[in-house]
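**Q** What follows is protein37.txt, made up of compact mmCIF, C-alpha atoms:
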# COMPACT_ATOMS: atom_id res chain seq x y z
CA MET P 2 -29.86 -81.26 -92.87
CA ASP P 3 -31.77 -80.45 -89.66
CA ARG P 4 -29.45 -77.53 -89.00
CA LEU P 5 -29.97 -76.19 -92.54
CA SER P 6 -33.73 -76.48 -92.08
CA GLU P 7 -33.53 -74.54 -88.80
CA GLN P 8 -31.46 -71.80 -90.44
CA ALA P 9 -33.82 -71.54 -93.41
CA GLU P 10 -36.87 -71.42 -91.14
CA ALA P 11 -35.27 -68.70 -88.98
CA ALA P 12 -34.31 -66.64 -92.05
CA ILE P 13 -37.80 -66.92 -93.57
CA SER P 14 -39.55 -66.05 -90.32
CA ALA P 15 -37.37 -62.91 -90.05
CA LEU P 16 -38.57 -61.57 -93.42
CA PRO P 17 -41.19 -58.80 -93.04
CA ASP P 18 -44.57 -58.97 -94.78
CA TYR P 19 -44.21 -55.35 -95.90
CA GLU P 20 -41.90 -52.36 -95.45
CA VAL P 21 -42.67 -49.13 -93.59
CA TYR P 22 -40.90 -46.00 -94.83
CA GLY P 23 -40.15 -42.66 -93.23
CA ARG P 24 -38.31 -39.64 -94.66
CA VAL P 25 -35.27 -37.71 -93.47
CA THR P 26 -36.22 -34.18 -92.36
CA LYS P 27 -33.02 -32.98 -90.66
CA VAL P 28 -29.34 -33.99 -90.27
CA LEU P 29 -27.34 -32.36 -87.48
CA GLY P 30 -23.89 -33.81 -86.86
CA LEU P 31 -24.49 -37.53 -86.38
CA LEU P 32 -28.13 -37.05 -85.43
CA VAL P 33 -30.78 -37.75 -88.08
CA GLU P 34 -34.46 -36.80 -87.75
CA ILE P 35 -37.13 -38.69 -89.68
CA CYS P 36 -40.92 -38.36 -89.93
CA GLY P 37 -43.75 -40.41 -91.42
CA PHE P 38 -43.14 -43.57 -89.42
CA GLY P 39 -46.54 -43.88 -87.71
CA GLY P 40 -46.52 -45.99 -84.55
CA ASP P 41 -43.96 -48.54 -85.71
CA LEU P 42 -40.89 -47.19 -83.91
CA THR P 43 -39.65 -47.59 -80.35
CA ILE P 44 -36.37 -46.75 -78.62
CA GLY P 45 -33.77 -49.22 -79.94
CA SER P 46 -35.60 -49.92 -83.23
CA ARG P 47 -33.48 -50.29 -86.36
CA VAL P 48 -33.92 -48.01 -89.37
CA HIS P 49 -32.02 -48.31 -92.66
CA LEU P 50 -31.29 -45.12 -94.61
CA ARG P 51 -31.09 -45.70 -98.36
CA PRO P 52 -29.47 -42.77 -100.17
CA GLY P 53 -29.02 -44.91 -103.27
CA ALA P 54 -29.56 -48.41 -104.61
CA ALA P 55 -26.02 -49.45 -103.66
CA ARG P 56 -25.93 -47.98 -100.13
CA ASP P 57 -27.66 -48.98 -96.93
CA ILE P 58 -26.83 -47.18 -93.67
CA PRO P 59 -28.20 -48.93 -90.57
CA CYS P 60 -29.28 -46.60 -87.75
CA GLU P 61 -30.84 -46.95 -84.32
CA VAL P 62 -33.64 -44.91 -82.76
CA VAL P 63 -32.22 -43.08 -79.72
CA GLY P 64 -35.10 -40.70 -78.98
CA PHE P 65 -38.17 -38.75 -80.14
CA ARG P 66 -38.78 -35.01 -80.45
CA ASP P 67 -41.91 -33.19 -81.71
CA GLU P 68 -43.31 -36.23 -83.54
CA HIS P 69 -39.92 -36.89 -85.16
CA ALA P 70 -37.70 -39.88 -84.46
CA LEU P 71 -34.02 -39.24 -83.65
CA LEU P 72 -31.56 -41.70 -85.19
CA MET P 73 -27.84 -42.30 -84.90
CA PRO P 74 -25.95 -44.23 -87.61
CA PHE P 75 -23.70 -47.28 -87.40
CA GLY P 76 -21.66 -45.81 -90.25
CA THR P 77 -20.94 -42.50 -91.97
CA LEU P 78 -23.68 -40.25 -93.38
CA GLU P 79 -22.14 -39.35 -96.73
CA GLY P 80 -24.83 -39.10 -99.41
CA ILE P 81 -27.76 -38.54 -97.01
CA SER P 82 -30.05 -35.71 -98.08
CA LEU P 83 -33.45 -34.34 -97.06
CA GLY P 84 -36.25 -36.66 -98.12
CA CYS P 85 -33.97 -39.72 -98.15
CA PRO P 86 -36.07 -42.87 -97.55
CA ALA P 87 -35.75 -44.49 -94.13
CA VAL P 88 -36.88 -48.13 -94.07
CA ILE P 89 -38.08 -49.28 -90.67
CA GLN P 90 -36.97 -52.74 -89.54
CA ARG P 91 -39.84 -54.10 -87.50
CA SER P 92 -38.09 -57.17 -86.06
CA ARG P 93 -36.10 -56.99 -82.85
CA PRO P 94 -32.29 -56.79 -83.38
CA VAL P 95 -30.85 -60.28 -82.91
CA ILE P 96 -27.77 -62.30 -83.83
CA MET P 97 -27.58 -66.00 -84.70
CA PRO P 98 -24.45 -67.40 -83.00
CA ASP P 99 -23.10 -70.85 -83.73
CA ASP P 100 -20.38 -73.12 -82.33
CA ARG P 101 -18.46 -72.52 -85.57
CA TRP P 102 -17.90 -68.90 -84.51
CA LEU P 103 -15.03 -70.12 -82.30
CA GLY P 104 -11.75 -68.87 -83.69
CA ARG P 105 -13.41 -66.01 -85.57
CA VAL P 106 -13.09 -62.22 -85.32
CA ILE P 107 -16.26 -60.20 -85.95
CA ASN P 108 -17.40 -56.58 -85.75
CA GLY P 109 -20.23 -54.91 -83.86
CA MET P 110 -22.74 -55.98 -86.53
CA ALA P 111 -21.72 -59.65 -86.09
CA GLU P 112 -20.00 -59.63 -89.50
CA PRO P 113 -16.63 -61.37 -90.07
CA ILE P 114 -13.55 -59.14 -90.35
CA ASP P 115 -10.84 -61.82 -90.24
CA GLY P 116 -10.82 -62.73 -93.95
CA LYS P 117 -11.79 -66.36 -93.22
CA GLY P 118 -14.97 -66.31 -95.26
CA PRO P 119 -18.66 -65.99 -94.35
CA LEU P 120 -19.81 -66.49 -90.77
CA GLN P 121 -22.00 -69.56 -90.31
CA GLN P 122 -25.36 -68.67 -88.80
CA GLY P 123 -27.02 -70.72 -86.07
CA GLY P 124 -30.69 -71.60 -85.82
CA HIS P 125 -31.55 -69.82 -82.57
CA PRO P 126 -31.70 -66.00 -82.42
CA VAL P 127 -30.21 -64.21 -79.39
CA PRO P 128 -31.47 -60.64 -78.73
CA LEU P 129 -28.71 -58.05 -78.56
CA ARG P 130 -30.30 -56.46 -75.49
CA ASN P 131 -31.19 -59.63 -73.67
CA ALA P 132 -32.50 -59.39 -70.13
CA PRO P 133 -30.38 -61.12 -67.46
CA PRO P 134 -31.84 -64.24 -65.81
CA ALA P 135 -34.32 -63.45 -63.04
CA PRO P 136 -32.50 -63.13 -59.69
CA HIS P 137 -34.56 -65.83 -57.97
CA SER P 138 -33.91 -68.37 -60.76
CA ARG P 139 -30.15 -67.94 -61.01
CA GLN P 140 -27.73 -70.53 -59.73
CA ARG P 141 -25.20 -69.52 -57.10
CA MET P 142 -21.58 -68.99 -58.07
CA GLY P 143 -19.60 -72.15 -58.63
CA LYS P 144 -16.13 -73.24 -57.53
CA GLN P 145 -12.96 -71.31 -58.23
CA LEU P 146 -12.10 -70.88 -61.92
CA ASP P 147 -8.46 -71.37 -62.89
CA LEU P 148 -7.32 -68.26 -64.82
CA GLY P 149 -3.65 -69.23 -65.13
CA VAL P 150 -2.35 -66.03 -63.46
CA ARG P 151 -0.65 -66.57 -60.08
CA ALA P 152 -1.59 -63.24 -58.51
CA VAL P 153 -5.27 -63.72 -59.39
CA ASN P 154 -5.52 -67.45 -58.65
CA THR P 155 -4.07 -67.01 -55.17
CA PHE P 156 -4.82 -63.52 -53.82
CA LEU P 157 -8.01 -62.88 -55.83
CA ALA P 158 -9.76 -66.21 -56.36
CA THR P 159 -12.48 -65.84 -58.99
CA CYS P 160 -15.44 -68.22 -58.98
CA LYS P 161 -17.42 -69.50 -61.94
CA GLY P 162 -20.10 -66.91 -62.63
CA GLN P 163 -18.34 -64.10 -60.75
CA ARG P 164 -17.90 -60.60 -62.23
CA MET P 165 -14.65 -58.74 -61.62
CA GLY P 166 -13.54 -55.26 -62.63
CA ILE P 167 -9.93 -54.65 -63.68
CA PHE P 168 -9.10 -51.02 -62.88
CA SER P 169 -6.08 -49.61 -64.64
CA GLY P 170 -4.65 -46.49 -66.26
CA SER P 171 -3.53 -46.57 -69.87
CA GLY P 172 -0.34 -48.48 -70.63
CA VAL P 173 -0.23 -50.42 -67.35
CA GLY P 174 -0.75 -53.84 -68.95
CA LYS P 175 -4.43 -54.71 -68.59
CA SER P 176 -4.75 -55.95 -72.21
CA VAL P 177 -1.88 -58.39 -71.69
CA LEU P 178 -3.43 -59.57 -68.40
CA LEU P 179 -6.78 -60.17 -70.13
CA SER P 180 -5.08 -62.11 -72.94
CA MET P 181 -3.27 -64.33 -70.40
CA MET P 182 -6.58 -65.16 -68.73
CA ALA P 183 -8.24 -65.90 -72.09
CA ARG P 184 -5.36 -68.13 -73.15
CA TYR P 185 -4.87 -70.10 -69.91
CA THR P 186 -8.36 -70.27 -68.40
CA GLU P 187 -9.99 -73.63 -67.81
CA ALA P 188 -13.28 -72.16 -69.08
CA GLU P 189 -14.44 -73.89 -72.25
CA VAL P 190 -15.06 -70.70 -74.24
CA ALA P 191 -13.66 -67.15 -74.09
CA VAL P 192 -15.67 -64.27 -75.59
CA ILE P 193 -13.55 -61.13 -75.91
CA GLY P 194 -14.94 -57.67 -76.68
CA LEU P 195 -12.40 -55.05 -77.78
CA VAL P 196 -14.48 -51.87 -77.45
CA GLY P 197 -12.90 -48.65 -78.69
CA GLU P 198 -9.50 -50.32 -79.09
CA ARG P 199 -6.71 -48.77 -81.15
CA GLY P 200 -6.82 -50.24 -84.65
CA ARG P 201 -3.05 -50.82 -84.68
CA GLU P 202 -3.21 -52.95 -81.53
CA VAL P 203 -5.95 -55.35 -82.61
CA GLN P 204 -3.70 -57.54 -84.76
CA GLU P 205 -0.96 -57.44 -82.12
CA PHE P 206 -3.46 -58.59 -79.49
CA LEU P 207 -4.67 -61.46 -81.70
CA GLU P 208 -1.27 -62.69 -82.85
CA ASP P 209 1.12 -61.87 -79.99
CA ASP P 210 -0.99 -61.75 -76.83
CA LEU P 211 -3.87 -64.15 -77.48
CA GLY P 212 -2.01 -66.40 -79.94
CA PRO P 213 -3.37 -69.24 -82.11
CA GLU P 214 -4.11 -71.49 -79.12
CA GLY P 215 -6.10 -68.80 -77.31
CA LEU P 216 -7.97 -67.77 -80.47
CA LYS P 217 -9.00 -71.36 -81.16
CA LYS P 218 -11.43 -71.37 -78.21
CA SER P 219 -12.40 -67.69 -78.44
CA VAL P 220 -14.78 -65.38 -80.27
CA VAL P 221 -13.36 -61.85 -80.60
CA ILE P 222 -15.65 -58.86 -81.20
CA VAL P 223 -13.89 -55.68 -82.35
CA ALA P 224 -15.02 -52.05 -82.61
CA THR P 225 -12.05 -49.69 -82.97
CA GLY P 226 -11.92 -46.17 -81.57
CA ASP P 227 -12.51 -44.54 -84.96
CA GLU P 228 -15.90 -46.22 -85.43
CA PRO P 229 -19.17 -44.40 -84.57
CA ALA P 230 -20.32 -44.40 -80.95
CA LEU P 231 -23.27 -46.63 -81.78
CA MET P 232 -20.95 -49.30 -83.22
CA ARG P 233 -18.71 -49.20 -80.15
CA ARG P 234 -21.70 -49.63 -77.85
CA GLN P 235 -23.09 -52.36 -80.09
CA ALA P 236 -19.84 -54.36 -79.82
CA ALA P 237 -20.39 -54.69 -76.06
CA TYR P 238 -23.96 -55.90 -76.60
CA VAL P 239 -22.80 -58.45 -79.18
CA THR P 240 -20.09 -59.68 -76.77
CA LEU P 241 -22.66 -60.45 -74.07
CA ALA P 242 -25.10 -61.96 -76.59
CA VAL P 243 -22.44 -64.40 -77.88
CA ALA P 244 -21.48 -65.27 -74.29
CA GLU P 245 -25.16 -65.94 -73.46
CA TYR P 246 -25.45 -68.30 -76.43
CA PHE P 247 -22.57 -70.47 -75.19
CA ARG P 248 -23.81 -70.24 -71.59
CA ASP P 249 -27.19 -71.61 -72.67
CA GLN P 250 -25.34 -74.55 -74.27
CA GLY P 251 -24.28 -75.47 -70.71
CA LYS P 252 -20.69 -74.22 -71.12
CA GLN P 253 -18.48 -72.26 -68.75
CA VAL P 254 -17.78 -68.96 -70.51
CA LEU P 255 -15.11 -66.38 -69.75
CA CYS P 256 -16.34 -62.98 -70.98
CA LEU P 257 -13.74 -60.21 -71.29
CA ILE P 258 -14.47 -56.60 -72.27
CA ASP P 259 -11.72 -54.04 -72.81
CA SER P 260 -12.99 -51.61 -71.83
CA VAL P 261 -16.34 -50.74 -70.29
CA THR P 262 -15.09 -47.16 -69.92
CA ARG P 263 -15.13 -46.77 -73.70
CA PHE P 264 -18.61 -48.30 -73.71
CA ALA P 265 -19.65 -45.60 -71.21
CA MET P 266 -18.01 -42.91 -73.35
CA ALA P 267 -19.93 -44.15 -76.40
CA GLN P 268 -23.16 -44.01 -74.39
CA ARG P 269 -22.24 -40.49 -73.29
CA GLU P 270 -21.87 -39.41 -76.94
CA ILE P 271 -25.23 -40.95 -77.81
CA GLY P 272 -27.03 -39.47 -74.81
CA LEU P 273 -25.67 -35.95 -75.25
CA SER P 274 -26.41 -35.98 -79.00
CA SER P 275 -30.02 -36.94 -78.33
CA GLY P 276 -30.45 -34.07 -75.86
CA GLU P 277 -29.93 -35.69 -72.45
CA PRO P 278 -28.66 -33.39 -69.69
CA PRO P 279 -25.05 -34.01 -68.61
CA THR P 280 -24.38 -34.94 -64.99
CA SER P 281 -21.13 -36.12 -63.35
CA LYS P 282 -18.17 -35.43 -65.70
CA GLY P 283 -20.57 -34.96 -68.60
CA TYR P 284 -22.10 -38.46 -68.38
CA PRO P 285 -25.88 -38.39 -68.82
CA PRO P 286 -28.04 -40.44 -66.41
CA THR P 287 -28.68 -43.25 -68.92
CA THR P 288 -24.96 -44.12 -68.97
CA PHE P 289 -24.98 -45.65 -65.50
CA GLY P 290 -28.26 -47.47 -66.13
CA GLU P 291 -26.84 -48.98 -69.34
CA LEU P 292 -23.68 -50.05 -67.49
CA ALA P 293 -25.72 -51.93 -64.89
CA ARG P 294 -27.89 -53.61 -67.55
CA LEU P 295 -24.82 -54.70 -69.52
CA LEU P 296 -22.80 -56.08 -66.61
CA GLU P 297 -25.78 -57.81 -64.95
CA ARG P 298 -26.07 -60.05 -68.01
CA ALA P 299 -22.89 -61.82 -66.91
CA GLY P 300 -22.99 -64.23 -63.99
CA PRO P 301 -24.51 -67.65 -63.26
CA GLY P 302 -27.30 -68.83 -65.55
CA ALA P 303 -30.53 -70.57 -64.75
CA PRO P 304 -30.43 -74.22 -63.59
CA GLY P 305 -29.35 -76.51 -66.43
CA THR P 306 -27.17 -73.87 -68.12
CA GLY P 307 -23.58 -72.77 -67.68
CA ALA P 308 -22.22 -69.51 -66.29
CA ILE P 309 -20.57 -66.37 -67.62
CA THR P 310 -17.53 -65.31 -65.62
CA GLY P 311 -17.07 -61.63 -66.48
CA LEU P 312 -13.78 -59.71 -66.36
CA PHE P 313 -14.37 -56.08 -67.31
CA ALA P 314 -11.49 -53.66 -67.81
CA VAL P 315 -12.05 -50.12 -66.55
CA LEU P 316 -9.74 -47.45 -67.98
CA VAL P 317 -9.44 -44.99 -65.09
CA GLU P 318 -8.95 -41.39 -66.16
CA GLY P 319 -5.79 -39.82 -64.73
CA ASP P 320 -5.22 -43.00 -62.64
CA ASP P 321 -8.15 -41.86 -60.45
CA THR P 322 -10.03 -44.98 -59.35
CA ASN P 323 -12.79 -42.83 -57.84
CA GLU P 324 -13.95 -41.20 -61.08
CA PRO P 325 -17.66 -41.76 -61.98
CA VAL P 326 -17.40 -44.83 -64.24
CA SER P 327 -15.01 -46.60 -61.85
CA ASP P 328 -17.34 -45.90 -58.92
CA ALA P 329 -20.35 -47.18 -60.85
CA VAL P 330 -18.65 -50.39 -61.99
CA ARG P 331 -17.22 -51.10 -58.54
CA GLY P 332 -20.75 -50.98 -57.14
CA ILE P 333 -22.01 -53.52 -59.70
CA VAL P 334 -19.29 -56.19 -59.89
CA ASP P 335 -18.29 -58.82 -57.33
CA GLY P 336 -14.75 -57.63 -56.78
CA HIS P 337 -12.02 -55.49 -58.30
CA ILE P 338 -8.44 -55.94 -59.46
CA VAL P 339 -6.41 -52.73 -59.17
CA MET P 340 -3.38 -52.31 -61.43
CA GLU P 341 -1.00 -49.47 -60.52
CA ARG P 342 1.44 -47.48 -62.64
CA GLU P 343 4.00 -47.34 -59.79
CA ILE P 344 4.20 -51.15 -59.76
CA ALA P 345 4.56 -51.28 -63.55
CA ASP P 346 7.27 -48.59 -63.37
CA ARG P 347 9.42 -50.85 -61.22
CA GLY P 348 9.10 -53.65 -63.78
CA ARG P 349 6.69 -56.03 -62.07
CA TYR P 350 3.99 -57.36 -64.42
CA PRO P 351 1.12 -57.96 -64.06
CA ALA P 352 1.11 -54.73 -62.04
CA ILE P 353 -1.61 -55.82 -59.58
CA ASN P 354 -1.78 -54.23 -56.14
CA VAL P 355 -3.02 -57.22 -54.14
CA LEU P 356 -3.72 -55.11 -51.03
CA LYS P 357 -6.06 -52.70 -52.81
CA SER P 358 -7.75 -55.48 -54.81
CA VAL P 359 -10.52 -57.68 -53.46
CA SER P 360 -12.62 -60.66 -54.51
CA ARG P 361 -15.94 -60.79 -52.68
CA ALA P 362 -16.14 -64.54 -53.22
CA MET P 363 -12.68 -65.11 -51.75
CA PRO P 364 -13.49 -66.28 -48.21
CA ARG P 365 -15.63 -69.21 -49.38
CA ALA P 366 -13.81 -69.82 -52.67
CA VAL P 367 -10.79 -71.47 -50.99
CA SER P 368 -10.20 -73.60 -47.91
CA GLU P 369 -9.41 -72.21 -44.47
CA GLN P 370 -5.81 -73.43 -44.80
CA ARG P 371 -5.32 -71.42 -47.96
CA ASN P 372 -7.01 -68.38 -46.41
CA ASN P 373 -4.41 -68.62 -43.63
CA ILE P 374 -1.61 -68.55 -46.23
CA LEU P 375 -3.10 -65.44 -47.82
CA ARG P 376 -3.55 -63.66 -44.50
CA ARG P 377 0.10 -64.26 -43.61
CA ALA P 378 1.32 -63.17 -47.07
CA LYS P 379 -0.71 -59.95 -46.87
CA GLN P 380 0.61 -59.24 -43.36
CA ILE P 381 4.16 -59.51 -44.69
CA ILE P 382 3.41 -57.16 -47.60
CA THR P 383 1.64 -54.67 -45.31
CA THR P 384 4.44 -54.69 -42.75
CA TYR P 385 7.08 -54.03 -45.41
CA GLU P 386 5.14 -51.29 -47.20
CA ASP P 387 4.40 -49.51 -43.90
CA MET P 388 8.15 -49.31 -43.27
CA ALA P 389 9.27 -49.00 -46.91
CA GLU P 390 10.23 -45.31 -46.68
CA LEU P 391 12.41 -45.84 -43.61
CA ILE P 392 14.01 -48.94 -45.15
CA ARG P 393 14.87 -47.06 -48.38
CA LEU P 394 16.36 -44.16 -46.43
CA GLY P 395 18.44 -46.52 -44.29
CA ALA P 396 16.73 -45.25 -41.12
CA TYR P 397 15.54 -48.68 -39.99
CA ARG P 398 18.05 -50.63 -37.87
CA LYS P 399 18.02 -54.40 -38.27
CA GLY P 400 16.82 -56.18 -35.11
CA SER P 401 14.52 -53.36 -33.97
CA ASP P 402 11.38 -55.36 -34.86
CA PRO P 403 11.37 -59.10 -35.69
CA LYS P 404 8.28 -58.72 -37.89
CA VAL P 405 9.92 -56.02 -40.00
CA ASP P 406 13.11 -58.11 -40.26
CA GLU P 407 11.01 -61.02 -41.52
CA ALA P 408 9.19 -58.76 -44.00
CA ILE P 409 12.50 -57.42 -45.38
CA LEU P 410 13.58 -61.03 -45.99
CA LEU P 411 10.34 -62.34 -47.50
CA TYR P 412 8.94 -59.32 -49.38
CA PRO P 413 11.31 -59.65 -52.41
CA ARG P 414 10.32 -63.32 -52.72
CA ILE P 415 6.60 -62.44 -52.76
CA GLU P 416 7.26 -59.71 -55.35
CA GLU P 417 9.01 -62.29 -57.53
CA PHE P 418 6.05 -64.65 -57.02
CA LEU P 419 3.63 -61.96 -58.24
CA ARG P 420 5.76 -61.32 -61.35
CA GLN P 421 4.69 -63.53 -64.28
CA HIS P 422 5.66 -63.51 -67.95
CA LYS P 423 2.80 -63.63 -70.43
CA GLU P 424 4.04 -66.98 -71.79
CA GLU P 425 3.89 -68.55 -68.33
CA ASN P 426 0.90 -70.48 -66.99
CA THR P 427 0.44 -71.36 -63.31
CA SER P 428 -2.43 -73.47 -61.99
CA ILE P 429 -4.26 -72.81 -58.72
CA ASP P 430 -2.57 -75.67 -56.84
CA GLU P 431 0.90 -74.73 -58.14
CA GLY P 432 0.36 -71.11 -57.13
CA PHE P 433 -0.68 -71.87 -53.56
CA ALA P 434 2.09 -74.45 -53.12
CA LYS P 435 4.71 -71.96 -54.30
CA LEU P 436 3.38 -69.12 -52.14
CA ALA P 437 3.20 -71.37 -49.06
CA SER P 438 6.80 -72.51 -49.66
CA LEU P 439 8.01 -68.90 -49.89
CA ILE P 440 6.52 -67.90 -46.54
CA GLY P 441 7.17 -71.19 -44.71
CA MET P 442 3.62 -72.58 -44.61
CA LEU P 443 3.95 -75.51 -47.01
CA ASP P 444 1.92 -77.82 -44.75
CA ASP P 445 -1.15 -75.56 -45.19
CA ALA P 446 -1.10 -75.55 -49.00
CA GLY P 447 -3.61 -78.38 -49.42
CA GLU P 448 -6.14 -78.43 -52.23
CA THR P 449 -9.36 -76.44 -51.95
CA ASP P 450 -11.87 -78.30 -49.80
CA GLU P 451 -15.24 -79.40 -51.12
CA GLU P 452 -17.02 -76.56 -49.31
CA GLY P 453 -15.25 -73.93 -51.42
CA GLY P 454 -17.91 -72.75 -53.90
CA ASP P 455 -21.28 -74.22 -54.68
CA GLY P 456 -20.22 -76.34 -57.63
Please re-express this file's structure in structure tokens.
**A**
Amino acid sequence: MDRLSEQAEAAISALPDYEVYGRVTKVLGLLVEICGFGGDLTIGSRVHLRPGAARDIPCEVVGFRDEHALLMPFGTLEGISLGCPAVIQRSRPVIMPDDRWLGRVINGMAEPIDGKGPLQQGGHPVPLRNAPPAPHSRQRMGKQLDLGVRAVNTFLATCKGQRMGIFSGSGVGKSVLLSMMARYTEAEVAVIGLVGERGREVQEFLEDDLGPEGLKKSVVIVATGDEPALMRRQAAYVTLAVAEYFRDQGKQVLCLIDSVTRFAMAQREIGLSSGEPPTSKGYPPTTFGELARLLERAGPGAPGTGAITGLFAVLVEGDDTNEPVSDAVRGIVDGHIVMEREIADRGRYPAINVLKSVSRAMPRAVSEQRNNILRRAKQIITTYEDMAELIRLGAYRKGSDPKVDEAILLYPRIEEFLRQHKEENTSIDEGFAKLASLIGMLDDAGETDEEGGDG
């Protein structure tokens, strides 16, 4: 009964005392101009176009020009004409998450799209564009979070509250890697944002990759590539807002977005339509500011709350990890996982290049003994790859260098260790024990000491 009272009170308080109308004066592409709104609009305000009694097209204010407000729609503009009424929503855009959202699939407007009935609303509104916790009041990152993937748990330890970028070209397997982490993580809740995803692949991701067990502890937010740019951007905001709700409940949350590149592309469409000047590769300046504001919302919460561990996929254009969005994300997150097409081509999945990848929390996330194991494993990989061309050509003579001989023996074993089927789950301790056994350092594979992480 208390929960129902909270919901009723929140719904009543959200009702406006009166409505403010404007009128459509121009439609150009997906950009709508309205006038007659007085001083009630700001950037980010919601406006509802009503071409008829049965239609309501939500829009967002993206700019102002000559005393006119510039809107972009969350849907199509069929039926809009000059003089069409534009009702101004005076309240701040919020969603009302609830624990019963677990196991559900919703769209960028926080509406259910899984056919399981209405979405239960909570009693506490969460702003879509929430500000991250103040830097001085945030907790430090916690201990290592088990993600169930050997290559990540060992070579790229990820702490609770850390943010990692997953850099990959198309078709290299990042979606499968994200689904493995969502399914096998020890985090209590996974919030997954599929931004600009192919419509055909959504059901495959839910049924084949994530599976019923993974979906049970997840909330999935979907905006497919055919939806308007505003809806694709909105899906990323909703993903972080849902994650913040569970974080504030004191839970450890794994937040996955695939991909922030498509979020940046949506912001590029919005910025260019509203008249912003293009800069690097056509991205307007606001794109990189929006990226930073979005990704900074992940991380440790204030004392007494949980943490959001963020894993953000970056779709690199032409496999170029130095293109503008990749550069911007790499400067924001706390580490990066690089997936390479050459590794995928030789059949090793997940196709992670452990030498080019880095976790900035790694040195303190695991014990000194385990750091020694990783240093030795990386030396073996480096030694082999430095001589790989000569070895393939048959130009290297066995016995010329003991270190190269050792690398030729152990490198295939490490490659097999890094290979993992999507149905396979490996814990942190199992991963380090197996890696230590492969390279002859089993005595150093002890559990992480108490100094690893800040708890």
**Q** Which residue is closest to Leu195 of chain P? Choose from P:Arg263, P:Arg365, P:His137, P:Lys435 and count all atoms listed in the file.
**A**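 Comparing P:Arg263, P:Arg365, P:His137, P:Lys435 against Leu195 of chain P, the winner is P:Arg263.
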**Q** Would you pick out the contacts of segment 100-109 of chain P at 9 Å or less, using all atoms listed in the file, so that residues sharing its chain but fewer than 6 positions from it are not included, and give the list as an MDAnalysis selection string?
**A** chainID P and resid 115:117 120:123 190:192 213 215:224 232:240 247
**Q** If you measure from atom CA of Pro94 of chain P to atom CA of Val63 of chain P, what distance in Å do you get, rounded to one decimal?
**A**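 Atom CA of Val63 of chain P lies at a distance of 14.2 Å from atom CA of Pro94 of chain P.
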**Q** Report, in Å with one decimal, the straight-line distance from atom CA of Val317 of chain P to atom CA of Arg199 of chain P.
**A**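 Atom CA of Arg199 of chain P lies 16.7 Å from atom CA of Val317 of chain P.
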**Q** Separation of atom CA of Ala378 of chain P and atom CA of Ile415 of chain P, in Å?
**A**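 Between these atoms lies a distance of 7.8 Å.
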**Q** With all atoms listed in the file counted and 12 Å as the cut-off, give the residues of segment 93-164 of chain P in contact with segment 34-47 of chain P, each with its shortest interatomic distance in Å and the pair that gives it, as CSV.
**A**
residue,atom,partner,partner_atom,distance
P:Arg93,CA,P:Ser46,CA,7.1
P:Pro94,CA,P:Arg47,CA,7.2
P:Val95,CA,P:Arg47,CA,10.9
P:Pro128,CA,P:Gly45,CA,11.7
P:Leu129,CA,P:Gly45,CA,10.3
P:Arg130,CA,P:Gly45,CA,9.2
**Q** Could you make a table, as a Markdown table, of the residues of segment 219-312 of chain P that have an atom within 10 Å of an atom of segment 142-147 of chain P, each with its nearest atom pair and distance in Å to one decimal, counting all atoms listed in the file, in chain and number order?
**A**
| residue | atom | partner | partner_atom | distance |
| --- | --- | --- | --- | --- |
| P:Gln253 | CA | P:Leu146 | CA | 9.4 |
| P:Leu255 | CA | P:Leu146 | CA | 9.5 |
| P:Gly300 | CA | P:Met142 | CA | 7.7 |
| P:Pro301 | CA | P:Met142 | CA | 6.1 |
| P:Gly302 | CA | P:Met142 | CA | 9.4 |
| P:Gly307 | CA | P:Gly143 | CA | 9.9 |
| P:Ala308 | CA | P:Met142 | CA | 8.3 |
| P:Ile309 | CA | P:Met142 | CA | 10.0 |
| P:Thr310 | CA | P:Leu146 | CA | 8.6 |
**Q** Name the residues, using the chain letters and numbers of the file, that sit within 12 Å of (12.2, -59.1, -42.1) when counting all atoms listed in the file, and give them as number ranges by chain.
**A** P: 380-386, 388-389, 392, 397-414, 440
**Q** With C-alpha atoms retained, could you export that selection as a short mmCIF file (atom, residue, chain, number, x, y, z; two decimals), keeping the file's coordinate frame?
**A**
data_model
loop_
_atom_site.label_atom_id
_atom_site.label_comp_id
_atom_site.auth_asym_id
_atom_site.auth_seq_id
_atom_site.Cartn_x
_atom_site.Cartn_y
_atom_site.Cartn_z
CA GLN P 380 0.61 -59.24 -43.36
CA ILE P 381 4.16 -59.51 -44.69
CA ILE P 382 3.41 -57.16 -47.60
CA THR P 383 1.64 -54.67 -45.31
CA THR P 384 4.44 -54.69 -42.75
CA TYR P 385 7.08 -54.03 -45.41
CA GLU P 386 5.14 -51.29 -47.20
CA MET P 388 8.15 -49.31 -43.27
CA ALA P 389 9.27 -49.00 -46.91
CA ILE P 392 14.01 -48.94 -45.15
CA TYR P 397 15.54 -48.68 -39.99
CA ARG P 398 18.05 -50.63 -37.87
CA LYS P 399 18.02 -54.40 -38.27
CA GLY P 400 16.82 -56.18 -35.11
CA SER P 401 14.52 -53.36 -33.97
CA ASP P 402 11.38 -55.36 -34.86
CA PRO P 403 11.37 -59.10 -35.69
CA LYS P 404 8.28 -58.72 -37.89
CA VAL P 405 9.92 -56.02 -40.00
CA ASP P 406 13.11 -58.11 -40.26
CA GLU P 407 11.01 -61.02 -41.52
CA ALA P 408 9.19 -58.76 -44.00
CA ILE P 409 12.50 -57.42 -45.38
CA LEU P 410 13.58 -61.03 -45.99
CA LEU P 411 10.34 -62.34 -47.50
CA TYR P 412 8.94 -59.32 -49.38
CA PRO P 413 11.31 -59.65 -52.41
CA ARG P 414 10.32 -63.32 -52.72
CA ILE P 440 6.52 -67.90 -46.54
#
